[in-house]
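K.L.:
Encoded as structure tokens, here's the structure I'll be asking about.
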Amino acid sequence: MVGPPRAVAELRTAVRNGLRAFPQPVLVACSGGADSVALAAALAFEARGRVGGVTVDHGLQHGSAERADRTAALLRDLGLDPVVVLRVSVGGDGGPEGAARSARYDALDAAAEEHGARIALGHTLDDQAETVLLGLGRGSGPRSVAGMVEDRPPYWRPLLGVRRATTRQACADQGLTVWDDPWNDDPAYTRARLRAEVLPLLEDVLGGGVAPALARTAGMLREDLDALDALAEAEFAALTAGSPDGSLPVEPLGSLPAALRRRVLRGWLRAAAVPDVQAVHLHSVEALVTGWRGQGAVDLPGGAGVVRASGRLLLLSAPDRGGRPDAPDDLEEPTRD
């Protein structure tokens with residue numbers, strides 16, 4: 001008995017375990033490109049009735065509505081049900097790439113909630129490598145260098161171990177028509193230049209294997225970061241136990257390794273619903289522990305603030321601050337070195 005072509009078999013294998021592990025239905029986010037079409041075909045074959053599809057029309061290119069309708073028709077031909085076309089309005093914040101991404105994910109979040117489904121995304125190993133390079137170049141921290149996560153509800157990325165060339169071959173083997181987005185080759189976009197210029201140059205200089213190596217590095221780093229996060233959660237629980245005001249004791253916090261201490265502080269601020277905490281805010285709050293010189297309140301997004309008083313870090317909400325005093329009356333004296 002002859003099996004499916006090698007590329008088709010690889011796609012089906014990539015989705016099989018994830019389908020078995022989770023009971024809820026799946027919606028494939030499909031742009032009409034080779035990656036998401038190949039994913040849709042693999043899921044349609046393996047799931048046998050538990051998979052639907054969703055395609056997003058950003059309205060940014062001529063003929064986008066007709067193309068979205070053609071993609072929806074292709075998904076229905078594959079046997080997916082339901083199939084939904086989402087028309088979105090793209091704003092201007094974050095540049096064209098960022099704004100389109102925000103609008104797309106907002107629509108996909110809503111679809112996941114409405115249908116009680118996971119959203120399957122067609123990101124490949126090559127996308128992962130590009131994401132790692134972007135994170136390195138922007139210096140945006142280890143989490144961005146650790147790349148995309150395979151399963152982070154409601155999103156599921158089963159193809160992170162599959163090469164982009166394999167998805168294209170799988171589509172060709174099955175006679176599936178795909179759409180090549182011209183924006184993917186437009187050098188005006190950073191990711192397009194990484195794909196067309198930077199990665200090929202690295203492959204040439206380093207003798208090949210760069211994309212798998214970057215993806216492998218992301219996976220190892222993500223394991224380390226997950227372990228640190230778990231340790232930080234335990235430390236946070238211990239430090240806040242028995243603290244009715246949610247304050248943090250400075251002395252034991254200061255004795256933690258920096259990587260744990262910053263994670264505890266970030267978790268503390270997030271637990272208090274402080275929005276958009278950036279590295280600059282985190283380092284300023286940490287300085288109240290490790291670089292204490294009697295400084296006043298650290299200002300945070302949303303109008304909140306953090307002060308050091310009586311050997312503890314106190315979070316002041318925006319309403320509590322009123323006229324934005326620097327600290328409560330019992331602000332401790334700085335240590336004299």
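Going by the structure tokens order, chains are called A, B, ..., each with residues numbered from 1, while ligands are numbered from 1 in the order shown.
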Could you give me, as JSON, numbers by chain, each residue of segment 172-312 of chain A that DSSP assigns to alpha helix (DSSP H) when run on this structure's backbone?

P.N.:
{"A": [172, 173, 190, 191, 192, 193, 199, 200, 201, 202, 203, 204, 205, 206, 210, 211, 212, 213, 214, 215, 216, 217, 218, 219, 220, 221, 222, 223, 224, 225, 226, 227, 228, 229, 230, 231, 232, 233, 234, 235, 236, 237, 238, 239, 240, 250, 251, 252, 253, 254, 258, 259, 260, 261, 262, 263, 264, 265, 266, 267, 268, 269, 270, 271, 279, 280, 281, 282, 283, 284, 285, 286, 287, 288, 289, 290]}

K.L.:
Can you pull out the residues contacting His123 of chain A? Cut-off 9 Å, using only C-alpha atoms, and skip same-chain residues under 6 positions away; I want them as a list in words.

P.N.:
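Once the nearby chain positions are removed, what remains is Asp35, Ser36, Met148, Arg157, Pro158, Leu159, Leu160, Val162 and Arg164 of chain A.
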
K.L.:
With only C-alpha atoms counted and 12 Å as the cut-off, give the residues of segment 108-207 of chain A in contact with segment 19-32 of chain A, each with its shortest interatomic distance in Å and the pair that gives it, as a tab-separated table.

P.N.:
```
residue	atom	partner	partner_atom	distance
A:Leu108	CA	A:Ala29	CA	7.9
A:Asp109	CA	A:Ala29	CA	11.1
A:Ala110	CA	A:Leu27	CA	11.9
A:Ala111	CA	A:Leu27	CA	8.5
A:Ala112	CA	A:Leu27	CA	7.6
A:Glu113	CA	A:Leu27	CA	11.1
A:Glu114	CA	A:Leu27	CA	11.1
A:His115	CA	A:Pro25	CA	8.1
A:Gly116	CA	A:Gln24	CA	7.0
A:Ala117	CA	A:Pro25	CA	4.9
A:Arg118	CA	A:Val26	CA	4.8
A:Ile119	CA	A:Leu27	CA	4.9
A:Ala120	CA	A:Val28	CA	4.7
A:Leu121	CA	A:Ala29	CA	5.7
A:Gly122	CA	A:Ala29	CA	7.6
A:His123	CA	A:Ala29	CA	10.5
A:Asp151	CA	A:Phe22	CA	10.7
A:Pro153	CA	A:Phe22	CA	11.0
A:Pro154	CA	A:Val26	CA	9.6
A:Tyr155	CA	A:Val26	CA	9.6
A:Trp156	CA	A:Val26	CA	9.1
A:Arg157	CA	A:Val28	CA	10.2
A:Pro158	CA	A:Leu19	CA	9.6
A:Arg168	CA	A:Gly32	CA	11.7
A:Cys171	CA	A:Gly32	CA	11.0
A:Leu176	CA	A:Gly32	CA	10.0
A:Thr177	CA	A:Gly32	CA	8.3
A:Val178	CA	A:Gly32	CA	5.6
A:Trp179	CA	A:Gly32	CA	5.3
A:Asp180	CA	A:Gly32	CA	8.0
A:Asp181	CA	A:Gly32	CA	8.8
```

K.L.:
Quick check, in Å to one decimal: how far apart do atom CA of Ala234 of chain A and atom CA of Leu260 of chain A lie?

P.N.:
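Distance between the two atoms: 10.2 Å.
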
K.L.:
Please, which residues in segment 82-113 of chain A fall within 7 Å of segment 47-64 of chain A when counting only C-alpha atoms, and what is the closest atom pair and distance in Å to one decimal for each, ordered by chain then residue number, as JSON lines?

P.N.:
```
{"residue": "A:Pro82", "atom": "CA", "partner": "A:Gly52", "partner_atom": "CA", "distance": 4.7}
{"residue": "A:Val83", "atom": "CA", "partner": "A:Gly53", "partner_atom": "CA", "distance": 4.6}
{"residue": "A:Val84", "atom": "CA", "partner": "A:Val54", "partner_atom": "CA", "distance": 4.7}
{"residue": "A:Val85", "atom": "CA", "partner": "A:Thr55", "partner_atom": "CA", "distance": 5.1}
{"residue": "A:Leu86", "atom": "CA", "partner": "A:Val56", "partner_atom": "CA", "distance": 4.7}
{"residue": "A:Arg87", "atom": "CA", "partner": "A:Asp57", "partner_atom": "CA", "distance": 4.8}
{"residue": "A:Val88", "atom": "CA", "partner": "A:His58", "partner_atom": "CA", "distance": 5.3}
{"residue": "A:Ser89", "atom": "CA", "partner": "A:His58", "partner_atom": "CA", "distance": 6.5}
{"residue": "A:Val90", "atom": "CA", "partner": "A:His58", "partner_atom": "CA", "distance": 6.5}
{"residue": "A:Ala100", "atom": "CA", "partner": "A:His58", "partner_atom": "CA", "distance": 6.9}
{"residue": "A:Arg104", "atom": "CA", "partner": "A:Val56", "partner_atom": "CA", "distance": 6.6}
```

K.L.:
What would the file look like if the residues just selected were written as a compact mmCIF listing (two decimals), in the first residue's frame with all heavy atoms?

P.N.:
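Once everything was written out, this is selection.txt:
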```txt
# COMPACT_ATOMS: atom_id res chain seq x y z
N PRO A 82 -17.28 24.99 10.81
CA PRO A 82 -17.69 26.11 9.96
C PRO A 82 -16.48 26.81 9.33
O PRO A 82 -15.35 26.63 9.79
CB PRO A 82 -18.38 27.04 10.96
CG PRO A 82 -17.62 26.81 12.25
CD PRO A 82 -17.31 25.34 12.24
N VAL A 83 -16.75 27.62 8.32
CA VAL A 83 -15.74 28.49 7.72
C VAL A 83 -16.24 29.93 7.81
O VAL A 83 -17.36 30.22 7.39
CB VAL A 83 -15.45 28.10 6.26
CG1 VAL A 83 -14.51 29.12 5.61
CG2 VAL A 83 -14.85 26.70 6.19
N VAL A 84 -15.42 30.79 8.38
CA VAL A 84 -15.84 32.16 8.67
C VAL A 84 -14.87 33.14 8.02
O VAL A 84 -13.65 32.95 8.08
CB VAL A 84 -15.86 32.42 10.20
CG1 VAL A 84 -16.36 33.82 10.50
CG2 VAL A 84 -16.72 31.38 10.91
N VAL A 85 -15.40 34.18 7.39
CA VAL A 85 -14.60 35.28 6.88
C VAL A 85 -14.78 36.47 7.82
O VAL A 85 -15.91 36.90 8.07
CB VAL A 85 -15.01 35.69 5.45
CG1 VAL A 85 -14.19 36.90 4.98
CG2 VAL A 85 -14.82 34.52 4.49
N LEU A 86 -13.68 36.97 8.36
CA LEU A 86 -13.72 38.10 9.29
C LEU A 86 -13.17 39.34 8.59
O LEU A 86 -12.02 39.35 8.16
CB LEU A 86 -12.88 37.79 10.53
CG LEU A 86 -13.29 36.54 11.33
CD1 LEU A 86 -12.32 36.31 12.48
CD2 LEU A 86 -14.71 36.69 11.87
N ARG A 87 -13.98 40.37 8.48
CA ARG A 87 -13.55 41.65 7.91
C ARG A 87 -13.13 42.55 9.07
O ARG A 87 -13.91 42.75 10.01
CB ARG A 87 -14.67 42.31 7.12
CG ARG A 87 -15.48 41.36 6.23
CD ARG A 87 -14.80 41.02 4.95
NE ARG A 87 -15.66 40.17 4.11
CZ ARG A 87 -15.27 39.60 2.99
NH1 ARG A 87 -14.03 39.79 2.55
NH2 ARG A 87 -16.09 38.83 2.29
N VAL A 88 -11.92 43.07 9.02
CA VAL A 88 -11.43 43.90 10.11
C VAL A 88 -11.03 45.28 9.60
O VAL A 88 -10.76 45.46 8.41
CB VAL A 88 -10.22 43.25 10.82
CG1 VAL A 88 -10.60 41.89 11.40
CG2 VAL A 88 -9.03 43.10 9.88
N SER A 89 -10.99 46.21 10.52
CA SER A 89 -10.53 47.56 10.22
C SER A 89 -9.17 47.75 10.88
O SER A 89 -9.03 47.59 12.10
CB SER A 89 -11.53 48.59 10.76
OG SER A 89 -11.07 49.91 10.54
N VAL A 90 -8.17 48.07 10.09
CA VAL A 90 -6.80 48.19 10.59
C VAL A 90 -6.51 49.65 10.91
O VAL A 90 -6.67 50.54 10.07
CB VAL A 90 -5.79 47.67 9.54
CG1 VAL A 90 -4.36 47.86 10.04
CG2 VAL A 90 -6.06 46.20 9.23
N ALA A 100 -1.88 45.75 11.53
CA ALA A 100 -2.57 44.62 10.91
C ALA A 100 -2.55 43.41 11.83
O ALA A 100 -3.56 42.69 11.95
CB ALA A 100 -1.91 44.28 9.57
N ARG A 104 -5.83 41.56 13.39
CA ARG A 104 -6.02 40.14 13.09
C ARG A 104 -6.21 39.33 14.37
O ARG A 104 -7.14 38.52 14.49
CB ARG A 104 -4.83 39.61 12.29
CG ARG A 104 -4.91 38.15 11.95
CD ARG A 104 -3.85 37.75 10.94
NE ARG A 104 -2.49 37.95 11.39
CZ ARG A 104 -1.68 38.94 10.98
NH1 ARG A 104 -2.12 39.84 10.13
NH2 ARG A 104 -0.44 39.04 11.43
```

K.L.:
Excluding same-chain residues fewer than 2 positions from segment 132-146 of chain A, what lies within 10 Å of it counting only C-alpha atoms, as a ChimeraX atom specification?

P.N.:
/A:126-130,148-149,190-191,194,198-199,211,214-226,278-279

K.L.:
Would you return as an mmCIF file with N, CA and C atoms, in the first residue's frame the members of segment 38-190 of chain A that DSSP assigns to strand (DSSP E) on this structure's backbone?

P.N.:
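The new file out-v6.cif reads:
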```
data_model
loop_
_atom_site.group_PDB
_atom_site.id
_atom_site.type_symbol
_atom_site.label_atom_id
_atom_site.label_comp_id
_atom_site.auth_asym_id
_atom_site.auth_seq_id
_atom_site.Cartn_x
_atom_site.Cartn_y
_atom_site.Cartn_z
ATOM 1 N N VAL A 51 -12.765 20.268 12.695
ATOM 2 C CA VAL A 51 -11.985 21.447 12.333
ATOM 3 C C VAL A 51 -12.795 22.372 11.441
ATOM 4 N N GLY A 52 -12.759 23.654 11.785
ATOM 5 C CA GLY A 52 -13.317 24.696 10.937
ATOM 6 C C GLY A 52 -12.206 25.609 10.475
ATOM 7 N N GLY A 53 -12.561 26.671 9.802
ATOM 8 C CA GLY A 53 -11.554 27.597 9.286
ATOM 9 C C GLY A 53 -12.002 29.033 9.417
ATOM 10 N N VAL A 54 -11.020 29.917 9.508
ATOM 11 C CA VAL A 54 -11.308 31.343 9.560
ATOM 12 C C VAL A 54 -10.257 32.065 8.729
ATOM 13 N N THR A 55 -10.694 32.993 7.911
ATOM 14 C CA THR A 55 -9.761 33.821 7.146
ATOM 15 C C THR A 55 -10.091 35.280 7.415
ATOM 16 N N VAL A 56 -9.052 36.075 7.553
ATOM 17 C CA VAL A 56 -9.213 37.485 7.924
ATOM 18 C C VAL A 56 -8.950 38.357 6.704
ATOM 19 N N ASP A 57 -9.895 39.233 6.420
ATOM 20 C CA ASP A 57 -9.724 40.226 5.355
ATOM 21 C C ASP A 57 -9.362 41.554 6.004
ATOM 22 N N VAL A 83 -16.753 27.625 8.324
ATOM 23 C CA VAL A 83 -15.738 28.487 7.720
ATOM 24 C C VAL A 83 -16.241 29.927 7.813
ATOM 25 N N VAL A 84 -15.423 30.788 8.381
ATOM 26 C CA VAL A 84 -15.840 32.160 8.670
ATOM 27 C C VAL A 84 -14.874 33.140 8.016
ATOM 28 N N VAL A 85 -15.402 34.177 7.388
ATOM 29 C CA VAL A 85 -14.598 35.284 6.876
ATOM 30 C C VAL A 85 -14.777 36.466 7.820
ATOM 31 N N LEU A 86 -13.676 36.971 8.357
ATOM 32 C CA LEU A 86 -13.716 38.096 9.286
ATOM 33 C C LEU A 86 -13.170 39.335 8.593
ATOM 34 N N ARG A 87 -13.983 40.373 8.476
ATOM 35 C CA ARG A 87 -13.547 41.646 7.911
ATOM 36 C C ARG A 87 -13.133 42.550 9.068
ATOM 37 N N ARG A 118 -9.724 26.218 19.722
ATOM 38 C CA ARG A 118 -8.337 26.629 19.570
ATOM 39 C C ARG A 118 -8.154 27.181 18.156
ATOM 40 N N ILE A 119 -7.243 28.123 18.019
ATOM 41 C CA ILE A 119 -6.909 28.683 16.710
ATOM 42 C C ILE A 119 -5.573 28.105 16.276
ATOM 43 N N ALA A 120 -5.571 27.351 15.178
ATOM 44 C CA ALA A 120 -4.337 26.762 14.645
ATOM 45 C C ALA A 120 -3.686 27.748 13.685
ATOM 46 N N ASP A 151 1.969 25.893 22.023
ATOM 47 C CA ASP A 151 0.605 25.873 22.557
ATOM 48 C C ASP A 151 0.457 26.925 23.646
ATOM 49 N N ARG A 152 -0.232 27.984 23.313
ATOM 50 C CA ARG A 152 -0.556 29.025 24.297
ATOM 51 C C ARG A 152 -1.995 29.455 24.017
ATOM 52 N N TYR A 155 -4.114 29.792 21.118
ATOM 53 C CA TYR A 155 -3.359 29.588 19.885
ATOM 54 C C TYR A 155 -2.511 28.318 19.928
ATOM 55 N N TRP A 156 -2.490 27.641 18.800
ATOM 56 C CA TRP A 156 -1.748 26.395 18.635
ATOM 57 C C TRP A 156 -0.950 26.482 17.343
#
```

K.L.:
Do you have the atom CA of Ser243 of chain A-atom CA of Leu313 of chain A distance handy?

P.N.:
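Spanning atom CA of Ser243 of chain A to atom CA of Leu313 of chain A is a straight-line distance of 11.4 Å.
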
K.L.:
For atom CA of Phe45 of chain A and atom CA of Asp106 of chain A, quote the distance in Å rounded to one decimal.

P.N.:
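These two atoms are separated by 28.2 Å.
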
K.L.:
Let me make sure I understand: among A:Val274, A:Ala103, A:Ala73, A:Leu228, which one has the smallest atom-to-atom distance to Gly302 of chain A if we use only C-alpha atoms?

P.N.:
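Once distances to Gly302 of chain A are computed over only C-alpha atoms, the minimum belongs to A:Val274.
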
K.L.:
Using only C-alpha atoms, pick whichever of A:Pro275, A:Pro187, A:Gly33, A:Gly91 has the shortest atom-to-atom distance to Leu74 of chain A.

P.N.:
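Distance minimum relative to Leu74 of chain A lands on A:Gly33.
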
K.L.:
Excluding Ala42 of chain A and residues on its chain fewer than 2 positions from it, collect all residues at most 6 Å away from it, counting only C-alpha atoms, and give them as a VMD selection string.

P.N.:
chain A and resid 11 to 12 39 to 40 44 to 45

K.L.:
Skipping near chain neighbours, those fewer than 5 positions away, what residues fall within 9 Å of Arg263 of chain A using only C-alpha atoms, listed as a PyMOL selection string?

P.N.:
chain A and resi 228-229+232-233+236+258+268
